[in-house]
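Asker: Below you'll find upload32.csv; it's CSV, C-alpha atoms and all ligand atoms.
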chain,number,residue,atom,x,y,z
Y,282,MET,CA,21.9,-27.1,-34.6
Y,283,SER,CA,22.0,-28.2,-30.9
Y,284,GLY,CA,24.3,-30.9,-29.6
Y,285,ALA,CA,21.7,-31.9,-27.0
Y,286,PRO,CA,20.4,-35.5,-27.1
Y,287,PHE,CA,17.2,-35.7,-29.1
Y,288,GLY,CA,14.0,-37.8,-28.8
Y,289,ILE,CA,10.4,-37.9,-30.0
Y,290,TYR,CA,7.4,-38.1,-27.7
Y,291,VAL,CA,4.1,-39.3,-29.2
Y,292,HIS,CA,1.0,-38.7,-27.0
Y,293,TRP,CA,-1.9,-41.1,-27.5
Y,294,PRO,CA,-4.6,-39.5,-25.3
Y,295,TYR,CA,-7.3,-42.1,-25.2
Y,296,CYS,CA,-8.0,-44.3,-22.1
Y,297,SER,CA,-10.7,-46.9,-21.8
Y,298,ARG,CA,-11.4,-45.7,-18.3
Y,299,ILE,CA,-10.4,-42.5,-16.4
Y,300,CYS,CA,-8.5,-43.2,-13.2
Y,301,PRO,CA,-9.5,-41.0,-10.3
Y,302,TYR,CA,-6.0,-39.8,-9.6
Y,303,CYS,CA,-5.0,-39.0,-13.1
Y,304,ASP,CA,-4.4,-35.4,-14.3
Y,305,PHE,CA,-2.8,-36.1,-17.7
Y,306,ASN,CA,-4.3,-34.8,-20.9
Y,307,ILE,CA,-6.7,-37.8,-21.5
Y,308,TYR,CA,-10.0,-38.5,-23.2
Y,309,LYS,CA,-12.4,-41.4,-22.7
Y,310,HIS,CA,-12.0,-43.9,-25.6
Y,311,LYS,CA,-15.3,-44.1,-27.4
Y,312,GLY,CA,-14.3,-46.4,-30.1
Y,313,GLU,CA,-12.4,-43.9,-32.3
Y,314,SER,CA,-10.2,-45.7,-34.8
Y,315,GLY,CA,-7.4,-43.3,-34.2
Y,316,ASP,CA,-6.5,-43.2,-37.9
Y,317,ASP,CA,-7.1,-39.5,-38.2
Y,318,LEU,CA,-4.9,-38.9,-35.1
Y,319,THR,CA,-2.2,-41.1,-36.6
Y,320,ASP,CA,-2.3,-39.0,-39.8
Y,321,ALA,CA,-2.1,-35.8,-37.7
Y,322,ILE,CA,0.8,-37.1,-35.7
Y,323,ILE,CA,2.8,-37.9,-38.9
Y,324,ARG,CA,1.9,-34.4,-40.4
Y,325,ASP,CA,3.1,-32.8,-37.1
Y,326,MET,CA,6.4,-34.7,-37.2
Y,327,GLY,CA,6.9,-33.1,-40.6
Y,328,TYR,CA,6.5,-29.6,-39.0
Y,329,TRP,CA,8.9,-30.6,-36.3
Y,330,ARG,CA,11.5,-31.8,-38.8
Y,331,GLU,CA,11.5,-28.3,-40.4
Y,332,ALA,CA,12.2,-26.9,-36.9
Y,333,THR,CA,14.8,-29.4,-35.7
Y,334,GLY,CA,16.7,-29.9,-39.0
Y,335,PRO,CA,18.6,-33.2,-39.3
Y,336,ARG,CA,19.0,-34.8,-35.9
Y,337,THR,CA,19.7,-38.3,-34.6
Y,338,ALA,CA,16.9,-39.6,-32.4
Y,339,LYS,CA,18.0,-41.6,-29.4
Y,340,SER,CA,14.4,-42.4,-28.5
Y,341,LEU,CA,10.8,-42.6,-29.7
Y,342,HIS,CA,8.3,-42.9,-26.9
Y,343,PHE,CA,4.6,-43.6,-27.1
Y,344,GLY,CA,3.0,-42.2,-23.9
Y,345,GLY,CA,-0.4,-41.3,-22.9
Y,346,GLY,CA,-3.2,-41.9,-22.2
Y,347,THR,CA,-3.0,-45.5,-23.2
Y,348,PRO,CA,-1.0,-46.1,-26.3
Y,349,SER,CA,-1.6,-49.9,-25.9
Y,350,LEU,CA,-5.0,-49.1,-27.4
Y,351,MET,CA,-3.2,-48.4,-30.7
Y,352,ARG,CA,-3.3,-50.9,-33.5
Y,353,ALA,CA,0.2,-52.2,-34.4
Y,354,ASP,CA,-0.1,-50.8,-37.9
Y,355,GLN,CA,-0.6,-47.3,-36.4
Y,356,THR,CA,2.6,-47.6,-34.3
Y,357,GLU,CA,4.4,-48.9,-37.4
Y,358,ARG,CA,3.3,-46.0,-39.6
Y,359,ILE,CA,4.5,-43.5,-37.0
Y,360,ILE,CA,7.9,-45.3,-36.4
Y,361,GLU,CA,8.4,-45.5,-40.2
Y,362,ALA,CA,7.6,-41.8,-40.7
Y,363,ALA,CA,9.9,-40.8,-37.8
Y,364,GLY,CA,12.7,-42.8,-39.4
Y,365,LYS,CA,12.2,-40.8,-42.7
Y,366,PHE,CA,12.3,-37.5,-40.9
Y,367,TRP,CA,15.2,-38.1,-38.6
Y,368,ASP,CA,18.2,-40.5,-38.4
Y,369,PHE,CA,17.7,-43.2,-35.8
Y,370,ASP,CA,20.6,-43.9,-33.4
Y,371,PRO,CA,21.7,-47.6,-33.9
Y,372,ASP,CA,20.7,-48.2,-30.3
Y,373,ILE,CA,17.4,-46.2,-30.4
Y,374,GLU,CA,14.9,-46.9,-27.7
Y,375,ILE,CA,11.4,-47.3,-29.1
Y,376,ALA,CA,9.1,-47.6,-26.1
Y,377,LEU,CA,5.4,-47.9,-25.5
Y,378,GLU,CA,3.4,-47.4,-22.2
Y,379,ALA,CA,0.9,-50.3,-21.9
Y,380,ASN,CA,-2.0,-51.1,-19.7
Y,381,PRO,CA,-2.1,-54.7,-18.3
Y,382,ALA,CA,-5.8,-55.0,-19.4
Y,383,ASP,CA,-4.6,-54.7,-23.0
Y,384,ALA,CA,-2.1,-57.6,-22.8
Y,385,ASP,CA,-2.4,-59.6,-25.9
Y,386,ILE,CA,0.4,-61.9,-27.1
Y,387,ALA,CA,-0.4,-61.5,-30.8
Y,388,LEU,CA,-0.7,-57.6,-30.6
Y,389,TRP,CA,2.4,-57.3,-28.5
Y,390,ASN,CA,4.4,-59.5,-30.9
Y,391,LEU,CA,3.2,-57.2,-33.7
Y,392,TYR,CA,4.4,-54.2,-31.7
Y,393,ALA,CA,7.8,-55.8,-31.4
Y,394,GLY,CA,7.8,-56.5,-35.1
Y,395,ALA,CA,7.0,-52.8,-35.7
Y,396,GLY,CA,10.2,-51.8,-33.9
Y,397,ILE,CA,9.0,-51.3,-30.3
Y,398,ASN,CA,11.9,-52.6,-28.0
Y,399,ARG,CA,10.8,-51.5,-24.6
Y,400,LEU,CA,7.4,-51.8,-22.8
Y,401,SER,CA,6.6,-49.7,-19.8
Y,402,LEU,CA,3.7,-51.6,-18.0
Y,403,GLY,CA,1.3,-49.7,-15.8
Y,404,ILE,CA,1.1,-52.5,-13.2
Y,405,GLN,CA,0.5,-50.1,-10.2
Y,406,SER,CA,-0.1,-53.0,-7.9
Y,407,PHE,CA,-0.7,-56.8,-7.9
Y,408,ASP,CA,-3.4,-56.5,-5.2
Y,409,ASP,CA,-7.0,-56.6,-6.4
Y,410,ALA,CA,-8.3,-54.3,-3.6
Y,411,VAL,CA,-5.6,-51.7,-4.3
Y,412,LEU,CA,-6.3,-51.8,-8.0
Y,413,LYS,CA,-10.0,-51.3,-7.3
Y,414,PHE,CA,-9.3,-48.4,-5.0
Y,415,LEU,CA,-7.1,-46.8,-7.8
Y,416,GLY,CA,-10.0,-47.3,-10.2
Y,417,ARG,CA,-7.9,-49.4,-12.6
Y,418,ASP,CA,-9.5,-51.8,-15.1
Y,419,HIS,CA,-7.2,-54.7,-14.4
Y,420,ASP,CA,-6.8,-57.1,-11.5
Y,421,GLY,CA,-3.8,-58.6,-9.9
Y,422,THR,CA,-3.9,-61.8,-12.0
Y,423,GLN,CA,-4.0,-59.7,-15.2
Y,424,ALA,CA,-1.1,-57.6,-13.9
Y,425,ALA,CA,1.1,-60.6,-13.3
Y,426,ARG,CA,0.1,-62.2,-16.6
Y,427,ALA,CA,0.8,-59.0,-18.6
Y,428,LEU,CA,4.2,-58.7,-17.0
Y,429,ASP,CA,5.2,-62.2,-17.8
Y,430,ILE,CA,4.0,-61.8,-21.4
Y,431,ALA,CA,5.9,-58.5,-21.7
Y,432,VAL,CA,9.2,-60.0,-20.4
Y,433,SER,CA,8.8,-62.9,-22.8
Y,434,ILE,CA,8.5,-60.5,-25.9
Y,435,PHE,CA,10.4,-57.3,-25.3
Y,436,PRO,CA,14.1,-57.1,-24.5
Y,437,ARG,CA,13.5,-54.2,-22.1
Y,438,VAL,CA,10.5,-54.0,-19.7
Y,439,SER,CA,9.6,-51.6,-16.9
Y,440,ALA,CA,7.2,-52.6,-14.2
Y,441,ASP,CA,5.6,-49.4,-13.0
Y,442,LEU,CA,4.2,-49.4,-9.5
Y,443,ILE,CA,2.3,-46.8,-7.3
Y,444,PHE,CA,2.7,-46.5,-3.6
Y,445,GLY,CA,1.3,-44.2,-0.9
Y,446,HIS,CA,-2.5,-44.9,-1.1
Y,447,LYS,CA,-4.4,-44.6,2.1
Y,448,GLY,CA,-4.0,-47.6,4.4
Y,449,GLN,CA,-1.0,-49.1,2.6
Y,450,THR,CA,1.4,-50.9,5.0
Y,451,LEU,CA,5.0,-51.7,4.5
Y,452,LYS,CA,4.1,-55.3,4.2
Y,453,ASP,CA,1.6,-54.6,1.4
Y,454,TRP,CA,4.2,-52.5,-0.5
Y,455,GLU,CA,6.8,-55.2,0.0
Y,456,ALA,CA,4.6,-57.8,-1.6
Y,457,ASP,CA,4.1,-55.7,-4.7
Y,458,ILE,CA,7.9,-55.0,-5.0
Y,459,ARG,CA,8.7,-58.6,-4.4
Y,460,ARG,CA,6.4,-59.7,-7.3
Y,461,ALA,CA,7.9,-57.1,-9.7
Y,462,LEU,CA,11.4,-58.2,-8.8
Y,463,SER,CA,10.6,-61.8,-9.5
Y,464,SER,CA,9.3,-61.1,-13.0
Y,465,GLY,CA,12.6,-60.6,-14.8
Y,466,ALA,CA,11.8,-57.0,-15.7
Y,467,GLY,CA,15.0,-55.0,-15.9
Y,468,HIS,CA,13.5,-51.7,-14.7
Y,469,ILE,CA,11.1,-50.7,-11.9
Y,470,SER,CA,9.4,-47.4,-11.5
Y,471,ALA,CA,7.9,-46.7,-8.0
Y,472,TYR,CA,5.8,-43.6,-8.2
Y,473,GLN,CA,4.2,-42.0,-5.2
Y,474,LEU,CA,0.5,-41.4,-5.4
Y,475,THR,CA,0.1,-37.6,-5.6
Y,476,ILE,CA,-3.3,-36.0,-5.2
Y,477,GLU,CA,-4.0,-33.3,-7.8
Y,478,ALA,CA,-6.9,-30.8,-7.1
Y,479,GLN,CA,-8.7,-31.3,-10.4
Y,480,THR,CA,-9.0,-35.1,-10.1
Y,481,ALA,CA,-11.7,-37.2,-8.4
Y,482,PHE,CA,-9.2,-37.9,-5.6
Y,483,GLY,CA,-8.5,-34.2,-5.3
Y,484,ARG,CA,-12.2,-33.4,-5.0
Y,485,ALA,CA,-12.5,-36.2,-2.3
Y,486,ALA,CA,-9.6,-34.7,-0.4
Y,487,LYS,CA,-11.3,-31.3,-0.4
Y,488,ARG,CA,-14.3,-33.0,1.3
Y,489,GLY,CA,-11.9,-34.4,3.9
Y,490,ASP,CA,-11.6,-37.8,2.4
Y,491,ASP,CA,-7.9,-38.3,2.0
Y,492,LYS,CA,-6.8,-41.0,-0.4
Y,493,ALA,CA,-3.1,-40.9,0.2
Y,494,VAL,CA,-0.9,-41.7,3.2
Y,495,ASP,CA,0.6,-38.8,5.2
Y,496,GLY,CA,4.1,-37.5,4.7
Y,497,ASP,CA,5.9,-39.5,7.3
Y,498,ASN,CA,4.4,-42.8,6.2
Y,499,SER,CA,5.0,-41.9,2.6
Y,500,ALA,CA,8.7,-41.3,3.3
Y,501,ALA,CA,8.9,-44.6,5.1
Y,502,LEU,CA,7.4,-46.4,2.1
Y,503,TYR,CA,9.7,-44.6,-0.3
Y,504,GLU,CA,12.8,-45.5,1.7
Y,505,HIS,CA,11.7,-49.1,1.9
Y,506,SER,CA,11.3,-49.3,-1.9
Y,507,ARG,CA,14.6,-47.7,-2.5
Y,508,ASP,CA,16.4,-50.1,-0.1
Y,509,MET,CA,14.6,-53.2,-1.3
Y,510,ILE,CA,14.9,-52.6,-5.0
Y,511,SER,CA,18.5,-51.5,-4.8
Y,512,ALA,CA,19.4,-54.6,-2.7
Y,513,ALA,CA,18.1,-56.7,-5.7
Y,514,GLY,CA,20.8,-55.3,-8.0
Y,515,PHE,CA,18.9,-52.4,-9.5
Y,516,GLU,CA,20.6,-49.0,-9.6
Y,517,PRO,CA,18.4,-46.2,-8.1
Y,518,TYR,CA,19.4,-43.8,-11.0
Y,519,GLU,CA,16.5,-41.4,-10.5
Y,520,VAL,CA,14.2,-40.5,-7.6
Y,521,SER,CA,11.4,-43.0,-8.7
Y,522,ASN,CA,13.3,-45.2,-11.1
Y,523,PHE,CA,15.6,-48.3,-10.7
Y,524,ALA,CA,17.4,-50.2,-13.4
Y,525,LYS,CA,19.6,-53.1,-14.0
Y,526,PRO,CA,22.7,-52.4,-16.2
Y,527,GLY,CA,21.7,-51.1,-19.7
Y,528,GLN,CA,18.0,-50.9,-18.7
Y,529,GLN,CA,17.7,-47.2,-17.8
Y,530,SER,CA,15.0,-45.3,-19.7
Y,531,ARG,CA,16.8,-43.5,-22.5
Y,532,HIS,CA,13.8,-41.4,-23.3
Y,533,ASN,CA,13.2,-40.1,-19.7
Y,534,LYS,CA,16.9,-39.3,-19.4
Y,535,ILE,CA,16.5,-36.9,-22.2
Y,536,TYR,CA,13.9,-35.0,-20.0
Y,537,TRP,CA,16.0,-35.2,-16.9
Y,538,GLN,CA,19.2,-34.0,-18.7
Y,539,SER,CA,17.3,-31.2,-20.4
Y,540,GLY,CA,17.8,-32.6,-23.9
Y,541,ASP,CA,15.6,-31.8,-26.9
Y,542,TYR,CA,12.4,-33.6,-27.8
Y,543,ALA,CA,9.7,-33.2,-30.4
Y,544,GLY,CA,6.4,-33.5,-28.7
Y,545,VAL,CA,3.6,-34.7,-31.0
Y,546,GLY,CA,0.0,-35.7,-30.3
Y,547,PRO,CA,-2.7,-33.8,-28.3
Y,548,GLY,CA,-1.3,-31.7,-25.4
Y,549,ALA,CA,2.3,-33.0,-25.9
Y,550,HIS,CA,5.1,-30.8,-24.6
Y,551,GLY,CA,8.3,-30.3,-26.6
Y,552,ARG,CA,11.7,-28.6,-26.1
Y,553,LEU,CA,14.1,-27.4,-28.8
Y,554,THR,CA,17.4,-25.7,-28.3
Y,555,GLY,CA,19.0,-23.6,-31.1
Y,556,ASN,CA,20.5,-20.2,-31.9
Y,557,GLY,CA,21.1,-19.7,-28.2
Y,558,ASP,CA,17.5,-20.1,-27.3
Y,559,ARG,CA,15.5,-22.9,-25.7
Y,560,ARG,CA,11.9,-23.1,-26.9
Y,561,ALA,CA,9.0,-24.8,-24.9
Y,562,THR,CA,6.0,-25.9,-26.9
Y,563,VAL,CA,2.6,-27.4,-26.2
Y,564,SER,CA,0.3,-29.0,-28.9
Y,565,HIS,CA,-3.4,-28.3,-29.1
Y,566,MET,CA,-5.1,-30.2,-26.2
Y,567,THR,CA,-8.1,-31.9,-27.6
Y,568,PRO,CA,-7.8,-34.6,-30.4
Y,569,ALA,CA,-10.2,-32.6,-32.6
Y,570,ASP,CA,-8.3,-29.3,-32.2
Y,571,TYR,CA,-5.0,-31.1,-32.7
Y,572,ILE,CA,-6.1,-32.9,-35.9
Y,573,ALA,CA,-7.6,-29.6,-37.3
Y,574,GLY,CA,-4.5,-27.7,-36.4
Y,575,SER,CA,-2.2,-30.2,-38.1
Y,576,MET,CA,-4.2,-29.8,-41.3
Y,577,GLY,CA,-3.7,-26.0,-41.2
Y,578,GLY,CA,0.0,-26.3,-40.6
Y,579,MET,CA,-0.2,-25.4,-36.9
Y,580,SER,CA,-0.3,-28.2,-34.3
Y,581,LEU,CA,1.0,-26.0,-31.5
Y,582,CYS,CA,-1.1,-23.9,-29.2
Y,583,GLU,CA,1.9,-22.6,-27.2
Y,584,SER,CA,5.5,-21.9,-28.2
Y,585,GLU,CA,7.7,-19.6,-26.1
Y,586,VAL,CA,11.4,-19.0,-25.6
Y,587,LEU,CA,12.4,-19.8,-22.0
Y,588,SER,CA,14.2,-17.1,-20.1
Y,589,PRO,CA,17.7,-18.1,-19.0
Y,590,GLU,CA,16.3,-18.2,-15.4
Y,591,ASP,CA,13.4,-20.6,-16.4
Y,592,HIS,CA,15.8,-22.7,-18.4
Y,593,ALA,CA,18.3,-23.0,-15.6
Y,594,ALA,CA,15.5,-23.7,-13.0
Y,595,GLU,CA,14.2,-26.5,-15.3
Y,596,TYR,CA,17.7,-27.9,-15.7
Y,597,LEU,CA,18.1,-28.0,-11.9
Y,598,MET,CA,14.7,-29.4,-11.2
Y,599,MET,CA,15.0,-32.2,-13.7
Y,600,GLY,CA,18.7,-32.9,-13.2
Y,601,LEU,CA,18.6,-33.2,-9.4
Y,602,ARG,CA,16.1,-36.1,-9.8
Y,603,LEU,CA,19.0,-38.1,-11.2
Y,604,THR,CA,21.5,-39.8,-8.8
Y,605,ALA,CA,24.3,-38.5,-11.1
Y,606,GLY,CA,23.0,-34.9,-10.6
Y,607,ILE,CA,23.9,-31.9,-12.7
Y,608,SER,CA,26.9,-30.1,-14.1
Y,609,ILE,CA,27.6,-26.9,-12.0
Y,610,LYS,CA,29.3,-25.4,-15.1
Y,611,ARG,CA,26.4,-26.1,-17.4
Y,612,TYR,CA,24.0,-24.5,-14.9
Y,613,ALA,CA,26.1,-21.3,-14.8
Y,614,GLU,CA,26.3,-21.3,-18.7
Y,615,ILE,CA,22.5,-21.6,-18.9
Y,616,SER,CA,21.5,-19.2,-16.2
Y,617,GLY,CA,24.3,-16.6,-16.7
Y,618,LYS,CA,25.2,-16.7,-13.0
Y,619,PRO,CA,26.7,-19.5,-10.9
Y,620,LEU,CA,25.1,-21.2,-7.9
Y,621,ALA,CA,25.9,-19.4,-4.7
Y,622,PRO,CA,28.9,-21.0,-3.0
Y,623,GLN,CA,27.6,-20.3,0.5
Y,624,THR,CA,24.3,-22.1,-0.4
Y,625,LEU,CA,26.2,-25.1,-1.7
Y,626,GLN,CA,28.4,-25.1,1.4
Y,627,GLY,CA,25.3,-24.9,3.8
Y,628,LEU,CA,23.4,-27.7,2.0
Y,629,GLY,CA,26.6,-29.8,1.9
Y,630,ASP,CA,27.0,-29.3,5.7
Y,631,MET,CA,23.4,-30.5,6.2
Y,632,ASP,CA,24.3,-33.6,4.1
Y,633,LEU,CA,21.6,-32.8,1.5
Y,634,ILE,CA,23.9,-32.4,-1.5
Y,635,THR,CA,27.3,-33.6,-2.5
Y,636,VAL,CA,29.7,-31.8,-4.9
Y,637,HIS,CA,32.4,-33.8,-6.7
Y,638,GLY,CA,34.3,-31.6,-9.1
Y,639,ASP,CA,31.7,-30.3,-11.5
Y,640,ALA,CA,29.0,-32.7,-10.4
Y,641,LEU,CA,26.3,-31.5,-8.0
Y,642,SER,CA,23.9,-34.2,-6.7
Y,643,ALA,CA,21.3,-34.6,-4.0
Y,644,THR,CA,22.0,-37.2,-1.3
Y,645,PRO,CA,19.3,-39.8,-0.5
Y,646,ASP,CA,18.1,-37.4,2.3
Y,647,GLY,CA,18.2,-34.5,-0.1
Y,648,ARG,CA,16.1,-36.3,-2.6
Y,649,LEU,CA,13.4,-36.7,0.1
Y,650,LEU,CA,13.3,-32.9,0.3
Y,651,LEU,CA,13.9,-32.1,-3.3
Y,652,ASP,CA,11.4,-29.2,-3.7
Y,653,SER,CA,12.8,-27.3,-0.8
Y,654,LEU,CA,16.4,-28.1,-1.8
Y,655,ILE,CA,15.8,-26.6,-5.3
Y,656,ARG,CA,14.1,-23.5,-3.8
Y,657,GLN,CA,17.2,-22.9,-1.7
Y,658,LEU,CA,19.6,-23.5,-4.6
Y,659,LEU,CA,17.6,-21.0,-6.8
Y,660,GLY,CA,17.6,-18.5,-3.9
Y,661,ALA,CA,13.8,-18.4,-4.1
V,701,LIG,S1,-4.8,-45.4,-17.7
V,701,LIG,FE1,-3.1,-44.0,-17.1
V,701,LIG,S2,-3.3,-42.2,-18.4
V,701,LIG,FE2,-5.3,-43.3,-18.5
V,701,LIG,S3,-6.5,-42.4,-16.9
V,701,LIG,FE3,-5.5,-44.1,-15.9
V,701,LIG,S4,-3.6,-43.3,-15.0
V,701,LIG,FE4,-4.4,-41.8,-16.5
Could I get this structure in the form of structure tokens?
Ligand code: SF4
Answerer:
Amino acid sequence: MSGAPFGIYVHWPYCSRICPYCDFNIYKHKGESGDDLTDAIIRDMGYWREATGPRTAKSLHFGGGTPSLMRADQTERIIEAAGKFWDFDPDIEIALEANPADADIALWNLYAGAGINRLSLGIQSFDDAVLKFLGRDHDGTQAARALDIAVSIFPRVSADLIFGHKGQTLKDWEADIRRALSSGAGHISAYQLTIEAQTAFGRAAKRGDDKAVDGDNSAALYEHSRDMISAAGFEPYEVSNFAKPGQQSRHNKIYWQSGDYAGVGPGAHGRLTGNGDRRATVSHMTPADYIAGSMGGMSLCESEVLSPEDHAAEYLMMGLRLTAGISIKRYAEISGKPLAPQTLQGLGDMDLITVHGDALSATPDGRLLLDSLIRQLLGA
């Protein structure tokens, strides 16, 4: 059995509207009850339990898609089933990603009653024009109201913002950050708008209609958010994530620290370490295939053992996103060969990384150039 931290990811793939920048595994919600999907997820957790053996879960995360379209009894059934398959850490994080348009005091109180103790709220912006540009189905007033409701119900709340859309000024961005800071949420995520080829924004970019700011402006916006949110007492513990003490995302830290996670629901990814191997899995992508697969005892469409090189590259790519960085020793154990001392020296001289004992971390400048930094460390 692996000693890696363990969590459970539940993918709820339905969305009431498809946002033009989104490349997740999502499907338009057409009034499905989701009960057959809930049954399939519980069956799938049973298969995962056979693979993981007894483990203690530090997190259970409902992501999507839009899990705030779930009924509370569906979340409750999944939480109860997970608690039968695995032990729960006394301090387990049970989180749900919510859309402000779904804010409902009665429903969210039922979520809390079912065991959900953290809400990650997809605010994106408080500005009506920006939300319209991003194709969201909520406005600024709904965003502010949803955040206030979330903070009044859940002990841990993340306000998730997006920056870097075309035309955004530092002043606009500052207004969004200021509103999130004043809400009482203990966690803020500030994600940069990225344009993926297969999305509506990607197709627009191909026609010459760019929807995102250019690189220099984007770096200025990023640095501004980092400075402003840090100055308000939030620790910038990951490239895009800021937390007050005790408010870091325990589930995402399992990803960034290359822990193990059961990935259930359509298109969910999982990782499992054991017997010297690390296995990467993907579930069937469509809800129909996933439900049918789960009935036949096979919810996965991919399951492969990662090579030591791929495992080490993943450890580096995920771990260097964290301010705390990675363990140089663990990298060498995973990859079978140490990081090149001359590369470490060169990157240190350029003030892109720091090495303290066994800990290797990217400096704030290094985090702005993370992709290139990782390529150099991997010798690619
Ligand atoms: S609500 Fe979230 S998951 Fe759904 S389409 Fe929009 S960005 Fe993607």
Asker: Collect all residues with atoms no farther than 7 Å from ligand LIG 701 (chain V), counting all atoms listed in the file, and output them as a list in words.
Answerer: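 Answer in the requested format: Cys296, Arg298, Ile299, Cys300, Tyr302, Cys303, Asp304, Phe305, Ile307, Gly345, Gly346, Thr347, Asn380 and Arg417 of chain Y.
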Asker: Taking only C-alpha atoms into account, name the residue in Y:Ser642, Y:Ser564, Y:Gln423, Y:Asn556 that is nearest to Ala543 (chain Y).
Answerer: Y:Ser564
Asker: Please provide as a PyMOL selection string all residues within 7 Å of Tyr308 (chain Y), with the sequence filter that same-chain residues fewer than 2 positions apart are discarded (counting all atoms listed in the file).
Answerer: chain Y and resi 294-296+310
Asker: At a cut-off of 8 Å from (18.2, -51.2, -8.0) in the coordinates of the file, what residues are picked up using all atoms listed in the file, written as an NGL selection string?
Answerer: :Y and (507 or 509-517 or 523-525)
Asker: Quick one: residues within 7 Å of region 440-452 of chain Y, only C-alpha atoms counted, chain neighbours fewer than 4 positions away excluded, as a PDB file with C-alpha atoms, in the frame of the given file?
Answerer:
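Now in result_32.pdb:
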ATOM      1  CA  SER Y 401       6.600 -49.700 -19.800  1.00  0.00           C
ATOM      2  CA  LEU Y 402       3.700 -51.600 -18.000  1.00  0.00           C
ATOM      3  CA  GLY Y 403       1.300 -49.700 -15.800  1.00  0.00           C
ATOM      4  CA  ILE Y 404       1.100 -52.500 -13.200  1.00  0.00           C
ATOM      5  CA  GLN Y 405       0.500 -50.100 -10.200  1.00  0.00           C
ATOM      6  CA  SER Y 406      -0.100 -53.000  -7.900  1.00  0.00           C
ATOM      7  CA  ALA Y 456       4.600 -57.800  -1.600  1.00  0.00           C
ATOM      8  CA  ALA Y 461       7.900 -57.100  -9.700  1.00  0.00           C
ATOM      9  CA  ALA Y 466      11.800 -57.000 -15.700  1.00  0.00           C
ATOM     10  CA  HIS Y 468      13.500 -51.700 -14.700  1.00  0.00           C
ATOM     11  CA  ILE Y 469      11.100 -50.700 -11.900  1.00  0.00           C
ATOM     12  CA  SER Y 470       9.400 -47.400 -11.500  1.00  0.00           C
ATOM     13  CA  ALA Y 471       7.900 -46.700  -8.000  1.00  0.00           C
ATOM     14  CA  TYR Y 472       5.800 -43.600  -8.200  1.00  0.00           C
ATOM     15  CA  GLN Y 473       4.200 -42.000  -5.200  1.00  0.00           C
ATOM     16  CA  LEU Y 474       0.500 -41.400  -5.400  1.00  0.00           C
ATOM     17  CA  LYS Y 492      -6.800 -41.000  -0.400  1.00  0.00           C
ATOM     18  CA  ALA Y 493      -3.100 -40.900   0.200  1.00  0.00           C
ATOM     19  CA  VAL Y 494      -0.900 -41.700   3.200  1.00  0.00           C
ATOM     20  CA  SER Y 499       5.000 -41.900   2.600  1.00  0.00           C
ATOM     21  CA  LEU Y 502       7.400 -46.400   2.100  1.00  0.00           C
TER      22      LEU Y 502
END
